[in-house]
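Note: the block below is protein22.txt and it holds compact mmCIF, C-alpha atoms.
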# COMPACT_ATOMS: atom_id res chain seq x y z
CA MET Z 1 74.79 -102.35 61.25
CA GLU Z 2 74.65 -106.12 61.61
CA ASN Z 3 78.26 -106.36 60.46
CA LEU Z 4 79.27 -103.83 63.12
CA LYS Z 5 77.51 -105.84 65.83
CA LYS Z 6 79.09 -109.09 64.64
CA LYS Z 7 82.59 -107.61 64.49
CA THR Z 8 82.20 -106.01 67.92
CA PHE Z 9 80.87 -109.23 69.44
CA PHE Z 10 83.60 -111.45 67.98
CA THR Z 11 86.32 -108.98 68.98
CA ILE Z 12 85.14 -108.91 72.60
CA PHE Z 13 84.52 -112.68 72.67
CA ILE Z 14 87.95 -113.53 71.25
CA ILE Z 15 89.80 -111.13 73.58
CA ILE Z 16 88.11 -112.45 76.75
CA SER Z 17 88.43 -116.08 75.59
CA LEU Z 18 92.10 -115.52 74.84
CA PHE Z 19 92.71 -114.28 78.38
CA ALA Z 20 90.88 -117.35 79.76
CA PHE Z 21 92.97 -119.72 77.61
CA ILE Z 22 96.21 -117.95 78.57
CA PHE Z 23 95.34 -118.18 82.28
CA ALA Z 24 94.47 -121.91 81.99
CA ALA Z 25 97.60 -122.61 79.94
CA PHE Z 26 99.78 -120.68 82.41
CA PHE Z 27 98.31 -122.60 85.37
CA ASN Z 28 98.85 -126.00 83.74
CA LEU Z 29 102.30 -125.06 82.49
CA GLN Z 30 103.38 -123.88 85.92
CA THR Z 31 102.10 -127.08 87.55
CA TYR Z 32 103.80 -129.20 84.90
CA GLN Z 33 107.08 -127.34 85.27
CA ARG Z 34 106.99 -127.64 89.07
CA GLU Z 35 106.44 -131.41 88.89
CA TYR Z 36 109.07 -131.85 86.18
CA THR Z 37 111.62 -129.91 88.23
CA GLY Z 38 110.79 -131.93 91.35
CA ILE Z 39 111.31 -135.22 89.53
CA LEU Z 40 114.58 -134.03 87.97
CA ASN Z 41 115.87 -132.80 91.34
CA ASN Z 42 115.11 -136.12 92.99
CA LEU Z 43 116.85 -138.07 90.25
CA THR Z 44 119.92 -135.83 90.49
CA ARG Z 45 119.95 -135.88 94.30
CA MET Z 46 119.88 -139.67 94.40
CA LYS Z 47 122.77 -139.84 91.96
CA ASN Z 48 124.89 -137.64 94.21
CA LEU Z 49 124.16 -139.85 97.23
CA ILE Z 50 124.98 -143.18 95.59
CA ILE Z 51 128.07 -144.92 96.94
CA GLN Z 52 130.87 -144.84 94.36
CA LYS Z 53 131.71 -148.11 92.65
CA HIS Z 54 135.26 -148.37 94.04
CA GLU Z 55 134.16 -148.26 97.72
CA PRO Z 56 130.60 -149.46 98.01
CA PHE Z 57 130.86 -152.58 100.16
CA ASP Z 58 132.91 -154.28 102.82
CA LYS Z 59 133.81 -157.92 102.81
CA GLU Z 60 130.35 -158.88 104.05
CA MET Z 61 128.80 -157.07 101.08
CA LYS Z 62 127.08 -154.48 103.29
CA PRO Z 63 127.01 -150.82 102.34
CA ILE Z 64 129.63 -148.75 104.09
CA ASN Z 65 127.48 -145.61 103.78
CA ASP Z 66 123.89 -146.06 104.96
CA ASP Z 67 122.87 -142.51 104.03
CA LEU Z 68 121.33 -143.70 100.76
CA HIS Z 69 119.26 -146.36 102.54
CA ASN Z 70 117.98 -143.86 105.04
CA ARG Z 71 117.06 -141.21 102.48
CA LYS Z 72 113.27 -140.77 102.27
CA VAL Z 73 111.26 -138.87 99.62
CA MET Z 74 107.81 -137.65 100.59
CA ASP Z 75 106.29 -136.54 97.28
CA TYR Z 76 107.24 -139.39 94.95
CA GLU Z 77 107.80 -143.15 94.89
CA VAL Z 78 111.59 -143.26 94.40
CA TYR Z 79 113.64 -146.44 94.13
CA THR Z 80 117.39 -146.92 93.74
CA PHE Z 81 119.03 -150.05 92.33
CA ILE Z 82 122.80 -150.51 92.84
CA LEU Z 83 124.56 -152.23 89.95
CA ASN Z 84 127.89 -154.02 89.76
CA GLU Z 85 130.40 -153.97 86.91
CA ASN Z 86 128.32 -156.52 85.01
CA ASN Z 87 125.21 -154.38 85.38
CA ASP Z 88 123.62 -156.90 87.76
CA ILE Z 89 121.38 -155.64 90.54
CA ILE Z 90 123.12 -156.10 93.90
CA ASP Z 91 121.00 -153.85 96.09
CA LYS Z 92 117.42 -152.46 96.02
CA ILE Z 93 116.44 -149.39 98.01
CA SER Z 94 112.97 -147.87 98.46
CA HIS Z 95 112.97 -144.18 99.43
CA SER Z 96 109.31 -144.24 100.43
CA ASP Z 97 106.98 -146.43 102.47
CA ASN Z 98 106.09 -148.49 99.39
CA ASN Z 99 107.57 -151.89 98.78
CA ILE Z 100 109.35 -152.51 95.52
CA SER Z 101 106.81 -154.23 93.26
CA ASP Z 102 107.52 -156.83 90.61
CA GLU Z 103 106.41 -154.29 88.01
CA ILE Z 104 109.16 -151.90 89.11
CA ILE Z 105 111.79 -154.66 89.01
CA THR Z 106 110.64 -155.72 85.53
CA LYS Z 107 110.77 -152.11 84.35
CA VAL Z 108 114.31 -151.71 85.74
CA GLN Z 109 115.51 -154.90 84.07
CA ASN Z 110 114.06 -153.73 80.75
CA ILE Z 111 115.84 -150.39 81.08
CA ILE Z 112 119.16 -152.05 81.89
CA SER Z 113 118.90 -154.51 78.99
CA SER Z 114 117.77 -151.94 76.42
CA ASN Z 115 120.03 -149.00 77.31
CA ASN Z 116 123.75 -149.10 76.59
CA LYS Z 117 124.38 -145.51 77.58
CA SER Z 118 123.92 -143.64 80.83
CA LYS Z 119 121.09 -141.10 80.69
CA ILE Z 120 118.25 -139.34 82.48
CA LYS Z 121 114.82 -139.88 80.98
CA ILE Z 122 111.67 -138.17 82.21
CA GLY Z 123 109.62 -137.80 79.02
CA CYS Z 124 106.10 -136.39 78.88
CA LEU Z 125 104.50 -136.36 82.30
CA TYR Z 126 101.04 -136.67 80.74
CA TRP Z 127 101.81 -140.10 79.27
CA ASN Z 128 104.78 -141.78 81.01
CA LYS Z 129 104.50 -143.85 84.19
CA TYR Z 130 108.18 -143.82 85.09
CA ALA Z 131 111.20 -141.50 85.03
CA TYR Z 132 114.73 -142.70 85.70
CA ASN Z 133 118.41 -141.85 85.95
CA TYR Z 134 120.55 -144.71 84.63
CA GLU Z 135 124.29 -144.83 85.34
CA LYS Z 136 125.75 -147.88 83.61
CA SER Z 137 127.61 -150.31 85.94
CA ASN Z 138 126.78 -148.06 88.84
CA SER Z 139 123.13 -147.44 89.66
CA LEU Z 140 119.61 -146.79 88.41
CA THR Z 141 117.18 -144.49 90.18
CA ILE Z 142 113.57 -144.83 89.07
CA ILE Z 143 110.53 -142.77 90.06
CA ASN Z 144 106.93 -143.92 89.73
CA ILE Z 145 105.19 -140.80 88.39
CA THR Z 146 101.72 -142.34 87.95
CA ASN Z 147 100.23 -140.12 90.66
CA THR Z 148 101.85 -137.08 89.09
CA ARG Z 149 100.49 -138.03 85.68
CA ASN Z 150 96.98 -138.51 87.08
CA MET Z 151 97.14 -135.20 88.92
CA LEU Z 152 98.27 -133.32 85.79
CA LEU Z 153 95.60 -134.97 83.64
CA THR Z 154 92.95 -134.15 86.23
CA ASN Z 155 94.06 -130.51 86.27
CA LEU Z 156 93.96 -130.43 82.49
CA VAL Z 157 90.46 -131.93 82.31
CA ILE Z 158 89.17 -129.58 85.00
CA SER Z 159 90.72 -126.62 83.15
CA LEU Z 160 89.03 -127.67 79.89
CA LEU Z 161 85.68 -128.11 81.66
CA LEU Z 162 86.00 -124.71 83.33
CA ILE Z 163 86.91 -123.14 79.98
CA SER Z 164 83.87 -124.79 78.36
CA ILE Z 165 81.59 -123.43 81.05
CA GLY Z 166 83.46 -120.14 80.95
CA GLU Z 167 82.94 -119.85 77.19
CA LEU Z 168 79.18 -119.85 77.75
CA ILE Z 169 79.55 -117.12 80.37
CA ILE Z 170 81.93 -115.20 78.10
CA TYR Z 171 79.40 -115.52 75.26
CA ILE Z 172 76.65 -113.99 77.42
CA ILE Z 173 78.95 -111.24 78.69
CA SER Z 174 80.14 -110.48 75.14
CA LYS Z 175 76.53 -110.19 73.94
CA LYS Z 176 75.69 -107.77 76.74
CA ILE Z 177 78.80 -105.65 76.18
CA THR Z 178 78.14 -105.60 72.41
CA GLU Z 179 74.58 -104.41 72.97
CA TRP Z 180 75.82 -101.73 75.36
CA ILE Z 181 78.53 -100.51 72.96
CA THR Z 182 76.41 -100.56 69.80
CA LYS Z 183 73.20 -99.21 71.35
CA PRO Z 184 74.00 -95.50 70.68
CA VAL Z 185 75.12 -96.34 67.12
CA LEU Z 186 71.99 -98.43 66.51
CA GLU Z 187 69.73 -95.68 67.82
CA SER Z 188 71.47 -93.14 65.59
CA PHE Z 189 71.27 -95.50 62.62
CA ASN Z 190 67.54 -96.10 63.18
CA ARG Z 191 66.88 -92.37 63.51
CA GLU Z 192 68.67 -91.80 60.23
CA LYS Z 193 66.62 -94.50 58.48
CA GLU Z 194 63.37 -93.09 59.92
CA PHE Z 195 64.37 -89.61 58.83
CA VAL Z 196 65.06 -90.74 55.26
CA ALA Z 197 61.75 -92.63 55.11
CA ASN Z 198 59.72 -89.80 56.65
CA ALA Z 199 61.42 -87.11 54.56
CA SER Z 200 60.80 -89.11 51.39
CA HIS Z 201 57.11 -89.48 52.23
CA GLU Z 202 56.80 -85.78 53.06
CA LEU Z 203 58.53 -84.74 49.82
CA LYS Z 204 56.47 -87.04 47.63
CA THR Z 205 53.19 -85.10 47.87
CA PRO Z 206 54.50 -81.54 47.27
CA LEU Z 207 56.68 -82.84 44.45
CA ALA Z 208 53.66 -84.45 42.80
CA VAL Z 209 51.82 -81.11 43.07
CA MET Z 210 54.79 -79.30 41.53
CA MET Z 211 55.01 -81.74 38.64
CA ALA Z 212 51.27 -81.45 37.98
CA SER Z 213 51.53 -77.66 38.05
CA ILE Z 214 54.45 -77.70 35.60
CA ASP Z 215 52.39 -79.76 33.18
CA CYS Z 216 49.67 -77.09 33.31
CA LEU Z 217 51.99 -74.25 32.35
CA ASP Z 218 51.73 -72.78 28.87
CA VAL Z 219 54.90 -73.42 26.92
CA ASN Z 220 56.25 -70.82 24.53
CA LYS Z 221 59.58 -69.93 23.02
CA LYS Z 222 60.53 -67.74 25.98
CA ASN Z 223 59.85 -70.19 28.80
CA GLU Z 224 60.27 -73.56 27.04
CA LYS Z 225 63.88 -73.95 28.20
CA TRP Z 226 63.05 -73.22 31.84
CA ILE Z 227 59.97 -75.43 31.92
CA ASN Z 228 61.92 -78.32 30.40
CA ASN Z 229 64.59 -77.85 33.06
CA LEU Z 230 61.93 -77.92 35.77
CA LYS Z 231 60.43 -81.12 34.35
CA SER Z 232 63.82 -82.78 34.09
CA GLU Z 233 64.85 -81.94 37.67
CA SER Z 234 61.40 -82.86 38.99
CA ASP Z 235 61.65 -86.25 37.33
CA ARG Z 236 65.10 -86.75 38.83
CA MET Z 237 63.85 -85.85 42.29
CA SER Z 238 60.83 -88.12 41.87
CA ASN Z 239 63.07 -91.03 40.91
CA LEU Z 240 65.36 -90.33 43.86
CA ILE Z 241 62.44 -90.24 46.31
CA THR Z 242 61.11 -93.49 44.86
CA ARG Z 243 64.49 -95.18 45.34
CA LEU Z 244 64.74 -93.84 48.90
CA LEU Z 245 61.32 -95.28 49.66
CA ASP Z 246 62.40 -98.59 48.11
CA LEU Z 247 65.47 -98.55 50.32
CA SER Z 248 63.31 -97.89 53.37
CA LYS Z 249 60.94 -100.73 52.50
CA THR Z 250 63.74 -103.28 52.13
CA GLU Z 251 65.08 -102.39 55.57
CA TYR Z 252 61.82 -103.47 57.19
CA LEU Z 253 60.93 -106.68 55.39
CA LYS Z 254 58.89 -108.93 57.68
CA LYS Z 255 59.32 -112.70 57.67
CA GLU Z 256 55.56 -113.22 57.96
CA ASN Z 257 55.24 -111.78 54.44
CA PHE Z 258 57.56 -114.47 53.04
CA SER Z 259 56.14 -117.33 51.00
CA LYS Z 260 57.38 -120.31 49.01
CA ASN Z 261 58.38 -119.12 45.52
CA ASN Z 262 60.04 -120.55 42.44
CA ILE Z 263 63.18 -118.42 42.30
CA SER Z 264 64.24 -120.09 39.04
CA MET Z 265 61.20 -118.60 37.31
CA ILE Z 266 61.79 -115.17 38.86
CA VAL Z 267 65.40 -115.03 37.63
CA GLU Z 268 64.48 -116.29 34.15
CA LYS Z 269 61.68 -113.72 33.69
CA ARG Z 270 63.89 -110.85 34.84
CA ALA Z 271 66.66 -111.87 32.47
CA LEU Z 272 64.20 -111.94 29.55
CA THR Z 273 62.87 -108.51 30.51
CA PHE Z 274 66.33 -106.94 30.29
CA GLU Z 275 67.25 -108.45 26.93
CA SER Z 276 65.90 -105.42 25.03
CA LEU Z 277 67.88 -103.00 27.21
CA ALA Z 278 71.02 -105.11 26.76
CA TYR Z 279 70.44 -105.21 22.99
CA GLU Z 280 70.84 -101.42 22.83
CA LYS Z 281 74.47 -101.85 23.94
CA ASN Z 282 74.90 -104.95 21.78
CA ILE Z 283 75.16 -107.04 24.92
CA THR Z 284 73.81 -110.58 25.10
CA ILE Z 285 72.45 -112.22 28.23
CA GLU Z 286 73.23 -115.89 28.78
CA THR Z 287 71.39 -117.79 31.51
CA ASN Z 288 72.32 -121.03 33.25
CA ILE Z 289 69.40 -121.62 35.59
CA THR Z 290 68.65 -124.77 37.54
CA GLU Z 291 64.93 -125.42 37.26
CA LYS Z 292 62.35 -125.51 40.04
CA ILE Z 293 64.39 -124.06 42.90
CA ASN Z 294 61.86 -123.12 45.58
CA ILE Z 295 62.74 -121.05 48.62
CA LEU Z 296 60.87 -119.14 51.29
CA CYS Z 297 61.28 -115.48 50.34
CA HIS Z 298 59.64 -112.13 49.67
CA LYS Z 299 58.83 -112.46 45.98
CA GLU Z 300 58.75 -108.75 45.06
CA SER Z 301 62.06 -108.12 46.82
CA ILE Z 302 63.82 -111.05 45.13
CA ASP Z 303 62.48 -109.78 41.80
CA GLU Z 304 63.91 -106.34 42.63
CA LEU Z 305 67.24 -107.91 43.63
CA VAL Z 306 67.64 -109.72 40.31
CA SER Z 307 66.62 -106.57 38.40
CA ILE Z 308 69.21 -104.45 40.22
CA LEU Z 309 72.03 -106.90 39.56
CA ILE Z 310 71.26 -107.38 35.86
CA ASP Z 311 70.67 -103.66 35.31
CA ASN Z 312 73.96 -102.90 37.05
CA ALA Z 313 75.77 -105.44 34.85
CA ILE Z 314 74.34 -103.87 31.68
CA SER Z 315 75.17 -100.32 32.81
CA HIS Z 316 78.79 -101.17 33.65
CA GLY Z 317 79.35 -103.79 30.96
CA THR Z 318 81.35 -103.05 27.84
CA LYS Z 319 79.67 -102.99 24.44
CA ASN Z 320 79.67 -106.15 22.33
CA SER Z 321 80.12 -108.31 25.44
CA LYS Z 322 78.11 -110.94 27.28
CA ILE Z 323 76.40 -111.08 30.66
CA VAL Z 324 76.11 -114.48 32.32
CA VAL Z 325 73.40 -115.20 34.90
CA ASN Z 326 73.91 -118.42 36.87
CA LEU Z 327 71.50 -119.92 39.39
CA THR Z 328 72.50 -123.15 41.14
CA ASN Z 329 71.66 -124.88 44.40
CA ASN Z 330 72.72 -127.59 46.81
CA LYS Z 331 70.97 -129.05 49.84
CA SER Z 332 71.47 -126.03 52.05
CA GLU Z 333 71.67 -122.93 49.86
CA ILE Z 334 71.21 -121.36 46.45
CA LYS Z 335 73.81 -119.31 44.61
CA LEU Z 336 72.99 -116.53 42.15
CA GLU Z 337 75.81 -115.08 40.04
CA VAL Z 338 75.66 -112.16 37.62
CA ILE Z 339 78.89 -111.83 35.63
CA ASN Z 340 79.78 -109.04 33.21
CA LYS Z 341 82.86 -107.83 31.38
CA GLY Z 342 83.86 -104.26 32.14
CA ASP Z 343 86.04 -102.03 34.26
CA PRO Z 344 87.27 -104.14 37.21
CA LEU Z 345 86.45 -103.22 40.79
CA GLU Z 346 89.35 -102.14 42.97
CA ALA Z 347 89.90 -104.19 46.13
CA ASP Z 348 88.68 -101.39 48.40
CA GLU Z 349 85.53 -100.89 46.30
CA CYS Z 350 84.20 -104.43 46.70
CA GLU Z 351 82.61 -103.47 50.04
CA LYS Z 352 81.99 -99.77 49.43
CA ILE Z 353 79.75 -100.31 46.40
CA PHE Z 354 77.03 -101.63 48.74
CA GLU Z 355 76.99 -98.40 50.73
CA ARG Z 356 74.20 -95.89 50.18
CA PHE Z 357 74.94 -93.14 47.63
CA TYR Z 358 78.30 -94.67 46.74
CA ARG Z 359 79.19 -94.55 43.03
CA ASN Z 360 82.44 -95.78 41.56
CA ASP Z 361 81.95 -93.16 38.86
CA LYS Z 362 84.10 -90.50 40.53
CA SER Z 363 82.64 -87.78 38.31
CA HIS Z 364 79.11 -88.51 39.62
CA ASN Z 365 77.76 -88.00 36.13
CA ARG Z 366 74.15 -86.77 36.42
CA LYS Z 367 73.33 -87.99 32.92
CA SER Z 368 73.52 -91.59 34.12
CA GLY Z 369 70.44 -91.02 36.28
CA ARG Z 370 71.91 -93.13 39.06
CA TYR Z 371 72.07 -92.31 42.75
CA GLY Z 372 74.16 -95.09 44.26
CA LEU Z 373 71.17 -96.71 45.95
CA GLY Z 374 70.58 -99.81 43.83
CA LEU Z 375 73.24 -102.04 45.35
CA ALA Z 376 72.42 -100.75 48.85
CA ILE Z 377 68.84 -101.91 48.25
CA ALA Z 378 70.16 -105.25 46.94
CA LYS Z 379 72.23 -105.75 50.09
CA ASN Z 380 69.23 -104.96 52.31
CA ILE Z 381 67.15 -107.53 50.45
CA VAL Z 382 69.83 -110.20 50.80
CA SER Z 383 70.39 -109.39 54.48
CA SER Z 384 66.65 -109.58 55.21
CA HIS Z 385 66.76 -113.12 53.78
CA ASN Z 386 69.73 -114.03 56.02
CA GLY Z 387 71.98 -114.32 52.98
CA ASN Z 388 75.30 -112.92 51.81
CA ILE Z 389 76.21 -110.80 48.81
CA LYS Z 390 79.67 -109.95 47.57
CA ALA Z 391 81.38 -108.59 44.48
CA TYR Z 392 84.80 -109.25 43.02
CA SER Z 393 86.71 -108.81 39.76
CA LYS Z 394 88.98 -111.33 38.11
CA ASP Z 395 90.52 -111.51 34.62
CA GLY Z 396 88.50 -108.54 33.37
CA TYR Z 397 85.15 -109.91 34.60
CA THR Z 398 83.12 -108.63 37.55
CA THR Z 399 80.95 -111.07 39.50
CA PHE Z 400 78.13 -110.31 41.91
CA GLU Z 401 77.46 -113.41 44.01
CA VAL Z 402 74.40 -113.92 46.21
CA LYS Z 403 73.96 -116.87 48.57
CA LEU Z 404 70.63 -117.58 50.25
CA LYS Z 405 69.88 -120.36 52.72
CA ILE Z 406 67.15 -122.71 51.59
CA ASN Z 407 66.04 -123.90 55.04
CA GLU Z 408 67.05 -120.82 57.00
CA HIS Z 409 63.68 -119.07 57.18
Take the structure in this file and express it as structure tokens.
Amino acid sequence: MENLKKKTFFTIFIIISLFAFIFAAFFNLQTYQREYTGILNNLTRMKNLIIQKHEPFDKEMKPINDDLHNRKVMDYEVYTFILNENNDIIDKISHSDNNISDEIITKVQNIISSNNKSKIKIGCLYWNKYAYNYEKSNSLTIINITNTRNMLLTNLVISLLLISIGELIIYIISKKITEWITKPVLESFNREKEFVANASHELKTPLAVMMASIDCLDVNKKNEKWINNLKSESDRMSNLITRLLDLSKTEYLKKENFSKNNISMIVEKRALTFESLAYEKNITIETNITEKINILCHKESIDELVSILIDNAISHGTKNSKIVVNLTNNKSEIKLEVINKGDPLEADECEKIFERFYRNDKSHNRKSGRYGLGLAIAKNIVSSHNGNIKAYSKDGYTTFEVKLKINEH
């Protein structure tokens, strides 16, 4: 259920955030493109108005065509420099109310001295201060785009700030939508869990009466077979009810019942307990346990978790093989691994095996005495401790890996 809520939340959050990012990117891109086009148009327009080199001046060195001098540009600081055949500046024209500063003249001289070829250069509007159109031995039009750069950067910063604030709003909205979407599923899921718990409790008493009554029956040659069948099925049902009650308990573990425990000792004792069971299949258990790892946990549940994983490894391990139990830690978490050699898990089974009543034994062999609840109980225990559990197979070995936060609780 928690996985469903997380997936729903992240899906909604990502979709809404993506729309916000697309809108912000579109706005900034449109503004950038509009400014870029305006600068390019002004550079091109000035070029078309420049007096051609073969008829620019009369004998008194005054421009024949004053249209260029009279041309004004409202949105940008545009300056035109007329060049002679030697690339010397012979006329300076400001197309705005600004005077031509020494910085502009220095920039123009640097462009003329460093560029051998005619070209238009605008560059990135977020970084450059100037854009120009250089025509060798003819003219150079330069635009001061500092105001444009500042405006674009301001828009970008404002967009990022709005997105940051918007992400908080999107987070709250996503949480609310997730709760609204998953509420019916959660209610149904809780009803199902309550039904299983209540039904198990209700069945426990009459089943105990039935089992006691069976024990009181007189056994003879005629009824021995039937009585033995009743005992066998009653035991199976009793075990199933016990597992269902265990499953119910692990779904309602309370943090106030947690205490500081030496998990190293718990794992070591459980491994020793299962050595006799493993010996029957000629399986050895090897432990690599870091000593004195203490975490805040529910001791009985962690003990049950280790038992389930080792028992599962023995049941599905091949004869004459080895089971490895590793327990390590770092500053933030502990890692428990139970590794056995046996039939590998298929990729689609790595998640399914933690579902209730799921068994990878497709024949559902009753002789195994298993109900597909052990790993579901294990997952509940890990989840109640804010940890993660996963299973995977590689090179003929299957690994169950549990990670628990040390300082999470």
Close residues, region 281-288 of chain Z itself excluded, 8 Å, all atoms listed in the file, min 3 positions apart in chain, as a compact mmCIF listing (two decimals) with C-alpha atoms, in the coordinates of the input:
# COMPACT_ATOMS: atom_id res chain seq x y z
CA GLU Z 268 64.48 -116.29 34.15
CA ALA Z 271 66.66 -111.87 32.47
CA GLU Z 275 67.25 -108.45 26.93
CA LEU Z 277 67.88 -103.00 27.21
CA ALA Z 278 71.02 -105.11 26.76
CA ILE Z 314 74.34 -103.87 31.68
CA THR Z 318 81.35 -103.05 27.84
CA LYS Z 319 79.67 -102.99 24.44
CA ASN Z 320 79.67 -106.15 22.33
CA SER Z 321 80.12 -108.31 25.44
CA LYS Z 322 78.11 -110.94 27.28
CA ILE Z 323 76.40 -111.08 30.66
CA VAL Z 324 76.11 -114.48 32.32
CA VAL Z 325 73.40 -115.20 34.90
CA ASN Z 326 73.91 -118.42 36.87
CA LEU Z 327 71.50 -119.92 39.39
Subject >> Arg270 (chain Z) environment, 8 Å, only C-alpha atoms, sequence neighbours closer than 4 positions dropped, as a PyMOL selection string >> reply: chain Z and resi 266+274+303+306-307
Original post:
Could you state the separation of CA of Ile82 (chain Z) and CA of Ser94 (chain Z) in Å, given to one decimal place?
Top reply: 11.6 Å
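Between CA of Ile50 (chain Z) and CA of Lys117 (chain Z) the separation is 18.2 Å.
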Determine, for each residue of region 99-202 of chain Z having at least one atom at most 10 Å from an atom of region 26-47 of chain Z, the closest pair of atoms and their separation in Å to one decimal, counting all atoms listed in the file; order by chain and ascending number, as CSV.
residue,atom,partner,partner_atom,distance
Z:Ile120,CA,Z:Leu43,CA,8.0
Z:Lys121,CA,Z:Leu40,CA,9.1
Z:Ile122,CA,Z:Leu40,CA,7.7
Z:Gly123,CA,Z:Tyr36,CA,9.3
Z:Cys124,CA,Z:Tyr36,CA,9.1
Z:Leu125,CA,Z:Tyr36,CA,7.5
Z:Tyr126,CA,Z:Tyr32,CA,9.0
Z:Ala131,CA,Z:Ile39,CA,7.7
Z:Tyr132,CA,Z:Leu43,CA,6.8
Z:Asn133,CA,Z:Leu43,CA,5.9
Z:Tyr134,CA,Z:Lys47,CA,9.1
Z:Glu135,CA,Z:Lys47,CA,8.4
Z:Asn138,CA,Z:Lys47,CA,9.7
Z:Ser139,CA,Z:Lys47,CA,7.9
Z:Leu140,CA,Z:Lys47,CA,8.4
Z:Thr141,CA,Z:Leu43,CA,6.4
Z:Ile142,CA,Z:Leu43,CA,7.6
Z:Ile143,CA,Z:Ile39,CA,7.6
Z:Asn144,CA,Z:Ile39,CA,9.7
Z:Ile145,CA,Z:Ile39,CA,8.4
Z:Thr148,CA,Z:Glu35,CA,7.3
Z:Arg149,CA,Z:Glu35,CA,9.5
Z:Met151,CA,Z:Thr31,CA,9.6
Z:Leu152,CA,Z:Tyr32,CA,7.0
Z:Leu153,CA,Z:Asn28,CA,9.5
Z:Asn155,CA,Z:Asn28,CA,7.0
Z:Leu156,CA,Z:Asn28,CA,6.7
Z:Ser159,CA,Z:Asn28,CA,8.2
Original post:
With only C-alpha atoms as the basis for distance, which of Z:His385, Z:Lys269, Z:Lys390, Z:His298 is at the shortest distance from Leu345 (chain Z)?
Top reply: Z:Lys390
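Each of Z:Leu162, Z:Ile353, Z:Ile89, Z:Ile295 was compared to Gln109 (chain Z) using all atoms listed in the file, and Z:Ile89 turns out to be the nearest.
Between CA of Lys183 (chain Z) and CA of Ile169 (chain Z) there is a distance of 21.0 Å.
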Original post:
Which residues come within 10 Å of Ser238 (chain Z), counting only C-alpha atoms, excluding same-chain residues fewer than 4 positions away, as a ChimeraX atom specification?
Top reply: /Z:200,203-204,207-208,211,232-234,242-244
Polymer residues at most 10 Å from (70.3, -129.5, 41.5) by only C-alpha atoms, as a compact mmCIF listing (two decimals) with C-alpha atoms, in the frame of the given file:
# COMPACT_ATOMS: atom_id res chain seq x y z
CA ILE Z 289 69.40 -121.62 35.59
CA THR Z 290 68.65 -124.77 37.54
CA GLU Z 291 64.93 -125.42 37.26
CA LYS Z 292 62.35 -125.51 40.04
CA ILE Z 293 64.39 -124.06 42.90
CA LEU Z 327 71.50 -119.92 39.39
CA THR Z 328 72.50 -123.15 41.14
CA ASN Z 329 71.66 -124.88 44.40
CA ASN Z 330 72.72 -127.59 46.81
CA LYS Z 331 70.97 -129.05 49.84
CA ILE Z 334 71.21 -121.36 46.45
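Comparing Z:Leu4, Z:Leu160, Z:Glu355, Z:Lys107 by their smallest distance to Phe23 (chain Z), the closest is Z:Leu160 (using all atoms listed in the file).
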